[in-house]
Every structure is written in C-alpha cells, then in structure tokens.
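Q: What follows is entry_18.pdb, made up of PDB, C-alpha atoms:
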ATOM      1  CA  MET A 274      13.110  28.480 -70.585
ATOM      2  CA  PHE A 275      15.964  26.867 -68.606
ATOM      3  CA  ARG A 276      18.682  24.974 -70.406
ATOM      4  CA  PRO A 277      18.964  21.238 -69.883
ATOM      5  CA  MET A 278      22.178  20.104 -68.238
ATOM      6  CA  ARG A 279      24.813  19.361 -70.866
ATOM      7  CA  ARG A 280      26.533  16.540 -68.949
ATOM      8  CA  MET A 281      23.445  14.550 -67.979
ATOM      9  CA  LYS A 282      25.443  11.621 -66.567
ATOM     10  CA  GLN A 283      26.707  13.919 -63.816
ATOM     11  CA  GLN A 284      23.272  15.283 -62.875
ATOM     12  CA  LEU A 285      22.259  14.757 -59.260
ATOM     13  CA  PRO A 286      18.735  13.662 -58.347
ATOM     14  CA  LYS A 287      16.519  16.196 -56.560
ATOM     15  CA  GLU A 288      17.001  14.386 -53.226
ATOM     16  CA  ASP A 289      20.762  15.006 -53.387
ATOM     17  CA  CYS A 290      20.187  18.653 -54.284
ATOM     18  CA  VAL A 291      17.926  19.058 -51.250
ATOM     19  CA  ARG A 292      20.488  17.301 -49.038
ATOM     20  CA  ILE A 293      23.229  19.687 -50.158
ATOM     21  CA  LEU A 294      20.988  22.710 -49.569
ATOM     22  CA  LYS A 295      20.070  21.445 -46.103
ATOM     23  CA  GLU A 296      23.549  20.392 -44.981
ATOM     24  CA  GLU A 297      25.894  22.966 -46.456
ATOM     25  CA  PRO A 298      26.264  26.225 -44.549
ATOM     26  CA  ARG A 299      26.563  28.762 -47.348
ATOM     27  CA  GLY A 300      26.534  29.531 -51.023
ATOM     28  CA  VAL A 301      26.855  32.466 -53.382
ATOM     29  CA  LEU A 302      23.853  34.609 -54.299
ATOM     30  CA  ALA A 303      24.170  36.286 -57.700
ATOM     31  CA  MET A 304      21.963  39.096 -58.960
ATOM     32  CA  HIS A 305      21.928  42.047 -61.320
ATOM     33  CA  GLY A 306      24.014  44.783 -59.740
ATOM     34  CA  GLU A 307      24.501  48.416 -60.646
ATOM     35  CA  ASP A 308      25.774  49.722 -63.990
ATOM     36  CA  VAL A 309      25.192  46.364 -65.701
ATOM     37  CA  TYR A 310      27.732  44.610 -63.436
ATOM     38  CA  PRO A 311      26.710  41.301 -61.850
ATOM     39  CA  TYR A 312      26.748  41.241 -58.051
ATOM     40  CA  ALA A 313      27.492  37.996 -56.216
ATOM     41  CA  ILE A 314      27.898  37.611 -52.478
ATOM     42  CA  PRO A 315      28.440  34.662 -50.104
ATOM     43  CA  MET A 316      25.377  34.021 -47.945
ATOM     44  CA  ASP A 317      24.324  31.691 -45.136
ATOM     45  CA  HIS A 318      21.012  30.023 -45.925
ATOM     46  CA  TYR A 319      18.236  27.845 -44.574
ATOM     47  CA  TYR A 320      16.387  25.470 -46.908
ATOM     48  CA  ASP A 321      12.811  24.967 -45.725
ATOM     49  CA  GLU A 322      11.770  21.515 -46.878
ATOM     50  CA  GLU A 323       8.097  22.160 -46.157
ATOM     51  CA  SER A 324       7.831  25.077 -48.591
ATOM     52  CA  GLY A 325      10.770  24.191 -50.845
ATOM     53  CA  ARG A 326      12.121  27.731 -50.420
ATOM     54  CA  ILE A 327      15.457  29.121 -49.325
ATOM     55  CA  TYR A 328      15.745  31.801 -46.623
ATOM     56  CA  PHE A 329      18.521  34.261 -45.861
ATOM     57  CA  HIS A 330      19.035  36.967 -43.249
ATOM     58  CA  CYS A 331      20.695  40.297 -43.913
ATOM     59  CA  ALA A 332      20.647  44.000 -43.168
ATOM     60  CA  ALA A 333      17.579  45.913 -44.307
ATOM     61  CA  GLU A 334      19.552  48.159 -46.643
ATOM     62  CA  GLY A 335      22.554  48.059 -48.937
ATOM     63  CA  HIS A 336      23.709  46.916 -52.368
ATOM     64  CA  LYS A 337      21.980  43.507 -52.129
ATOM     65  CA  ILE A 338      18.596  44.979 -51.172
ATOM     66  CA  ASP A 339      18.827  47.633 -53.908
ATOM     67  CA  ALA A 340      19.658  44.937 -56.487
ATOM     68  CA  ILE A 341      16.779  42.706 -55.360
ATOM     69  CA  LEU A 342      14.292  45.570 -55.458
ATOM     70  CA  SER A 343      15.493  46.439 -58.960
ATOM     71  CA  ASP A 344      15.284  42.862 -60.293
ATOM     72  CA  PRO A 345      14.129  39.913 -58.153
ATOM     73  CA  LYS A 346      15.546  37.218 -60.478
ATOM     74  CA  VAL A 347      18.613  35.620 -58.887
ATOM     75  CA  CYS A 348      20.874  32.597 -59.045
ATOM     76  CA  TYR A 349      22.141  30.796 -55.944
ATOM     77  CA  CYS A 350      24.965  28.235 -56.008
ATOM     78  CA  VAL A 351      25.979  25.871 -53.196
ATOM     79  CA  HIS A 352      28.633  23.143 -53.219
ATOM     80  CA  ASP A 353      29.629  20.505 -50.730
ATOM     81  CA  SER A 354      33.153  19.902 -49.407
ATOM     82  CA  GLY A 355      33.620  16.895 -51.674
ATOM     83  CA  PHE A 356      35.052  13.436 -51.171
ATOM     84  CA  THR A 357      37.728  11.202 -52.649
ATOM     85  CA  LYS A 358      37.220   7.601 -53.653
ATOM     86  CA  ASP A 359      39.503   4.984 -52.139
ATOM     87  CA  GLY A 360      42.813   4.877 -53.986
ATOM     88  CA  ASP A 361      42.117   8.049 -55.991
ATOM     89  CA  TRP A 362      43.420  11.582 -55.466
ATOM     90  CA  ALA A 363      40.691  13.424 -57.375
ATOM     91  CA  LEU A 364      38.033  15.322 -55.465
ATOM     92  CA  ASN A 365      34.357  14.656 -56.263
ATOM     93  CA  ILE A 366      32.211  17.731 -55.613
ATOM     94  CA  GLY A 367      28.431  17.993 -55.560
ATOM     95  CA  SER A 368      26.917  21.355 -56.398
ATOM     96  CA  VAL A 369      23.459  22.845 -56.744
ATOM     97  CA  VAL A 370      22.446  25.800 -58.900
ATOM     98  CA  VAL A 371      19.096  27.435 -58.179
ATOM     99  CA  PHE A 372      17.339  29.994 -60.351
ATOM    100  CA  GLY A 373      14.455  31.853 -58.810
ATOM    101  CA  ARG A 374      12.832  35.010 -57.546
ATOM    102  CA  ILE A 375      13.780  36.560 -54.247
ATOM    103  CA  SER A 376      11.795  38.951 -52.087
ATOM    104  CA  ILE A 377      11.864  40.595 -48.703
ATOM    105  CA  VAL A 378       9.653  38.852 -46.140
ATOM    106  CA  GLU A 379       7.330  41.513 -44.717
ATOM    107  CA  ASP A 380       5.466  39.443 -42.093
ATOM    108  CA  ARG A 381       7.488  39.961 -38.861
ATOM    109  CA  GLU A 382       6.242  36.681 -37.376
ATOM    110  CA  LYS A 383       7.491  34.790 -40.420
ATOM    111  CA  VAL A 384      10.771  36.741 -40.360
ATOM    112  CA  LEU A 385      11.458  35.676 -36.775
ATOM    113  CA  ARG A 386      10.363  32.079 -37.429
ATOM    114  CA  MET A 387      12.654  31.683 -40.452
ATOM    115  CA  VAL A 388      15.598  33.557 -38.922
ATOM    116  CA  ARG A 389      15.255  31.334 -35.838
ATOM    117  CA  LYS A 390      15.426  28.210 -38.044
ATOM    118  CA  LEU A 391      18.400  29.650 -39.896
ATOM    119  CA  ALA A 392      20.174  30.467 -36.612
ATOM    120  CA  GLN A 393      19.519  26.955 -35.291
ATOM    121  CA  LYS A 394      21.571  25.674 -38.217
ATOM    122  CA  TYR A 395      24.614  27.695 -37.088
ATOM    123  CA  TYR A 396      24.471  28.528 -33.380
ATOM    124  CA  PRO A 397      25.632  25.845 -30.940
ATOM    125  CA  THR A 398      22.670  26.194 -28.534
ATOM    126  CA  GLU A 399      19.036  27.275 -28.446
ATOM    127  CA  VAL A 400      19.902  29.740 -25.673
ATOM    128  CA  GLU A 401      22.364  31.561 -27.954
ATOM    129  CA  VAL A 402      19.777  31.664 -30.754
ATOM    130  CA  GLU A 403      17.224  33.291 -28.456
ATOM    131  CA  GLU A 404      19.787  35.751 -27.048
ATOM    132  CA  GLU A 405      20.723  36.861 -30.558
ATOM    133  CA  LEU A 406      17.072  37.251 -31.569
ATOM    134  CA  LYS A 407      16.380  39.361 -28.462
ATOM    135  CA  LYS A 408      19.370  41.540 -29.278
ATOM    136  CA  SER A 409      18.873  42.058 -33.023
ATOM    137  CA  GLY A 410      15.663  40.321 -34.099
ATOM    138  CA  HIS A 411      13.793  43.617 -34.307
ATOM    139  CA  ARG A 412      16.030  44.908 -37.103
ATOM    140  CA  VAL A 413      16.897  41.773 -39.094
ATOM    141  CA  CYS A 414      15.722  41.443 -42.670
ATOM    142  CA  CYS A 415      14.713  38.060 -44.090
ATOM    143  CA  LEU A 416      14.809  37.152 -47.776
ATOM    144  CA  GLU A 417      12.790  34.348 -49.364
ATOM    145  CA  LEU A 418      13.940  32.644 -52.556
ATOM    146  CA  VAL A 419      11.195  30.908 -54.531
ATOM    147  CA  ILE A 420      12.851  28.258 -56.687
ATOM    148  CA  ASP A 421      11.895  28.268 -60.368
ATOM    149  CA  HIS A 422      14.566  25.794 -61.504
ATOM    150  CA  MET A 423      17.162  23.705 -59.689
ATOM    151  CA  THR A 424      19.902  21.402 -60.931
ATOM    152  CA  GLY A 425      22.658  19.512 -59.202
ATOM    153  CA  LYS A 426      25.863  18.060 -60.516
ATOM    154  CA  LEU A 427      28.594  15.721 -59.288
ATOM    155  CA  VAL A 428      31.968  16.600 -60.785
ATOM    156  CA  ASN A 429      35.162  14.563 -60.571
ATOM    157  CA  GLU A 430      38.081  16.981 -60.739
ATOM    158  CA  LYS A 431      40.361  14.575 -62.616
TER     159      LYS A 431
END
Since I need it in another form, could you write the structure as structure tokens?

A:
Amino acid sequence: MFRPMRRMKQQLPKEDCVRILKEEPRGVLAMHGEDVYPYAIPMDHYYDEESGRIYFHCAAEGHKIDAILSDPKVCYCVHDSGFTKDGDWALNIGSVVVFGRISIVEDREKVLRMVRKLAQKYYPTEVEVEEELKKSGHRVCCLELVIDHMTGKLVNEK
C-alpha cells in the first residue's frame, strides 16, 4: 500500500525517526481540505513513545477540524535543523514522513494528560504548564495520530 523509499541508502532507521519526532518542536500536518485543495499547517507535536502515537493540541473548531472529520487520513512531516560535516559546506537534514489516521480525543482525562506532556516539551517550567492548563485546559482540543507508515531520510544538500 505504501511505496518503498526510492533512495534506500538515505533511509533512516526507526530509532532515528523516533528521535526526530521526540526532539523536534514542530512539523507540517497535511490533509484533504475543501474543494479538492490540500490543506497543510505547521503544528507543535508530542510523540508518545509508549503508544507510538503523535499528539497535537488545537482549537475545537475550524478548517483543520472540518478536514479531519471529513477524511481522517493525513500526512505529517518533521525535519531536524541539520548539521554540516567537518570541512564541508553542505547541510545534512534528517526528516520523517508519517502517514496515518487522526482523530479527536474525546476522553477529557486523556486530553489533559497528553496536552500536559505536550506543554512540558515547550514551556520552561511545570508551574507555567499548570497555569496554562488552569486557564485554557477546559476548552483545548487534542488530536491523536495513529501511525500507519513512517519513513525517515537523511539528505545531503550538495
């Protein structure tokens, strides 16, 4: 069902894909939009190693929610900031492409648990995480991406 990677020598092992998903702050979520146009939007994410799923927070309504309710199949792409090898100018960039199905998390306990973990990735202190959850936790929406297929690639830009 999913195509094999064409440039197999550049394929990253699963461990590197997981590392990129855990360490990098954001990626681009792509879905079917309205009027046959694709819709892609930058998103912060949290990769939950225990479940192997990716979580996002967002508003409970809007273009993204309408698109997800219409068709839950999505693609999510994340890349690292890259590195250069000693004596070389070319950037080496690792990226991960995930295909899967996304849904709205309905269980409020799970919503708060996952949004808390996501916030801990970004907020400087636990106190600020809890303050934000007190302020807006009651209205936050949480999305869960179940991964059907994941590939990673290391590209040298030379």

Q: When you look at region 308-317 of chain A with a cut-off of 12 Å (counting only C-alpha atoms), what residues show up, excluding the ones that are within fewer than 6 positions of it in the same chain? I need them as an mmCIF file with C-alpha atoms, in the frame of the given file.

A:
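Saved result, out_26.cif, follows:
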data_model
loop_
_atom_site.group_PDB
_atom_site.id
_atom_site.type_symbol
_atom_site.label_atom_id
_atom_site.label_comp_id
_atom_site.auth_asym_id
_atom_site.auth_seq_id
_atom_site.Cartn_x
_atom_site.Cartn_y
_atom_site.Cartn_z
ATOM 1 C CA LEU A 294 20.988 22.710 -49.569
ATOM 2 C CA LYS A 295 20.070 21.445 -46.103
ATOM 3 C CA GLU A 296 23.549 20.392 -44.981
ATOM 4 C CA GLU A 297 25.894 22.966 -46.456
ATOM 5 C CA PRO A 298 26.264 26.225 -44.549
ATOM 6 C CA ARG A 299 26.563 28.762 -47.348
ATOM 7 C CA GLY A 300 26.534 29.531 -51.023
ATOM 8 C CA VAL A 301 26.855 32.466 -53.382
ATOM 9 C CA LEU A 302 23.853 34.609 -54.299
ATOM 10 C CA ILE A 327 15.457 29.121 -49.325
ATOM 11 C CA TYR A 328 15.745 31.801 -46.623
ATOM 12 C CA PHE A 329 18.521 34.261 -45.861
ATOM 13 C CA HIS A 330 19.035 36.967 -43.249
ATOM 14 C CA CYS A 331 20.695 40.297 -43.913
ATOM 15 C CA HIS A 336 23.709 46.916 -52.368
ATOM 16 C CA LYS A 337 21.980 43.507 -52.129
ATOM 17 C CA ILE A 338 18.596 44.979 -51.172
ATOM 18 C CA ASP A 339 18.827 47.633 -53.908
ATOM 19 C CA ALA A 340 19.658 44.937 -56.487
ATOM 20 C CA ILE A 341 16.779 42.706 -55.360
ATOM 21 C CA SER A 343 15.493 46.439 -58.960
ATOM 22 C CA ASP A 344 15.284 42.862 -60.293
ATOM 23 C CA LYS A 346 15.546 37.218 -60.478
ATOM 24 C CA VAL A 347 18.613 35.620 -58.887
ATOM 25 C CA CYS A 348 20.874 32.597 -59.045
ATOM 26 C CA TYR A 349 22.141 30.796 -55.944
ATOM 27 C CA CYS A 350 24.965 28.235 -56.008
ATOM 28 C CA VAL A 351 25.979 25.871 -53.196
ATOM 29 C CA HIS A 352 28.633 23.143 -53.219
ATOM 30 C CA VAL A 388 15.598 33.557 -38.922
ATOM 31 C CA LYS A 390 15.426 28.210 -38.044
ATOM 32 C CA LEU A 391 18.400 29.650 -39.896
ATOM 33 C CA ALA A 392 20.174 30.467 -36.612
ATOM 34 C CA GLN A 393 19.519 26.955 -35.291
ATOM 35 C CA LYS A 394 21.571 25.674 -38.217
ATOM 36 C CA TYR A 395 24.614 27.695 -37.088
ATOM 37 C CA CYS A 415 14.713 38.060 -44.090
ATOM 38 C CA LEU A 416 14.809 37.152 -47.776
#

Q: Give me, as JSON, numbers by chain, all polymer residues having an atom no more than 8 Å from region 278-283 of chain A, counting only C-alpha atoms and skipping those fewer than 4 positions away in the same chain.

A: {"A": [424, 426, 427, 428]}

Q: If the box runs along x, y and z of the file and leaves 5 Å on each side of region 390-400 of chain A, what are its centre and edge lengths in Å, one decimal, as AutoDock Vina command-line options?

A:
--center_x 20.5 --center_y 28.1 --center_z -32.8 --size_x 20.2 --size_y 14.8 --size_z 24.2

Q: Give me the residues within 12 Å of Glu288 (chain A) as a list in words, counting all atoms listed in the file and dropping any in the same chain fewer than 4 places off.

A: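 Contacts, with the query itself left out: Gln284, Arg292, Ile293, Leu294, Lys295, Glu322, Gly325, Val369, Met423, Thr424 and Gly425 of chain A.
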
Q: I'd like to know which of A:Met387, A:Ala332, A:Val419, A:Val413 is closest to Arg374 (chain A), using all atoms listed in the file.

A: A:Val419

Q: Evaluating the PyMOL selection byres ((chain A and resi 410) around 12) on the displayed file yields which residues, as number ranges by chain?

A: A: 330-333, 381-389, 392, 402-409, 411-415

Q: Can you measure CA of Glu417 (chain A) to CA of Glu401 (chain A) for me? One decimal in Å is fine.

A: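 Computing the Euclidean distance for CA of Glu417 (chain A) and CA of Glu401 (chain A) yields 23.6 Å.
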
Q: CA of Gly355 (chain A) and CA of Lys431 (chain A), how far apart in Å?

A: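 Separating CA of Lys431 (chain A) from CA of Gly355 (chain A) is a distance of 13.1 Å.
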
Q: Kindly indicate which residue among A:Leu418, A:Ile377, A:Glu430, A:Pro277 lies nearest to His318 (chain A), using all atoms listed in the file for the distances.

A: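 Selected residue with least distance to His318 (chain A): A:Leu418.
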
Q: What does the distance from CA of Glu399 (chain A) to CA of Asp380 (chain A) come to in Å, to one decimal?

A: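 Separation of CA of Glu399 (chain A) and CA of Asp380 (chain A): 22.8 Å.
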
Q: Evaluating the PyMOL selection byres ((chain A and resi 275) around 9) on the displayed file yields which residues, as a list in words?

A: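 Taken over the shown coordinates, the PyMOL selection byres ((chain A and resi 275) around 9) returns Met274, Arg276, Pro277, Phe372 and His422 of chain A.
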
Q: I'd like to know which of A:Asn429, A:Ser376, A:Gly335, A:Val400 is closest to Ala363 (chain A), using only C-alpha atoms.

A: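 Of the candidates, the smallest distance to Ala363 (chain A) is held by A:Asn429.
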
Q: Some atoms are absent from region 310-324 of chain A, so rebuild N, CA and C atoms and return them as a tab-separated table (two decimals), in the frame of the given file.

A:
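The resulting result-v4.tsv:
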chain	number	residue	atom	x	y	z
A	310	TYR	N	26.80	45.57	-64.02
A	310	TYR	CA	27.73	44.61	-63.44
A	310	TYR	C	26.94	43.57	-62.65
A	311	PRO	N	27.33	42.29	-62.74
A	311	PRO	CA	26.71	41.30	-61.85
A	311	PRO	C	27.18	41.56	-60.41
A	312	TYR	N	26.39	41.11	-59.46
A	312	TYR	CA	26.75	41.24	-58.05
A	312	TYR	C	26.52	39.89	-57.41
A	313	ALA	N	27.58	39.31	-56.86
A	313	ALA	CA	27.49	38.00	-56.22
A	313	ALA	C	28.11	38.10	-54.84
A	314	ILE	N	27.45	37.49	-53.86
A	314	ILE	CA	27.90	37.61	-52.48
A	314	ILE	C	27.67	36.30	-51.73
A	315	PRO	N	28.64	35.87	-50.91
A	315	PRO	CA	28.44	34.66	-50.10
A	315	PRO	C	27.34	34.90	-49.07
A	316	MET	N	26.50	33.90	-48.88
A	316	MET	CA	25.38	34.02	-47.94
A	316	MET	C	25.19	32.71	-47.18
A	317	ASP	N	24.82	32.84	-45.90
A	317	ASP	CA	24.32	31.69	-45.14
A	317	ASP	C	22.87	31.50	-45.55
A	318	HIS	N	22.39	30.27	-45.50
A	318	HIS	CA	21.01	30.02	-45.92
A	318	HIS	C	20.36	28.95	-45.07
A	319	TYR	N	19.04	28.91	-45.17
A	319	TYR	CA	18.24	27.84	-44.57
A	319	TYR	C	17.28	27.35	-45.65
A	320	TYR	N	17.33	26.06	-45.96
A	320	TYR	CA	16.39	25.47	-46.91
A	320	TYR	C	15.21	24.91	-46.12
A	321	ASP	N	14.03	25.42	-46.40
A	321	ASP	CA	12.81	24.97	-45.72
A	321	ASP	C	12.16	23.87	-46.58
A	322	GLU	N	12.28	22.66	-46.11
A	322	GLU	CA	11.77	21.52	-46.88
A	322	GLU	C	10.26	21.57	-47.07
A	323	GLU	N	9.56	22.10	-46.08
A	323	GLU	CA	8.10	22.16	-46.16
A	323	GLU	C	7.63	23.02	-47.33
A	324	SER	N	8.25	24.17	-47.51
A	324	SER	CA	7.83	25.08	-48.59
A	324	SER	C	8.68	24.93	-49.85
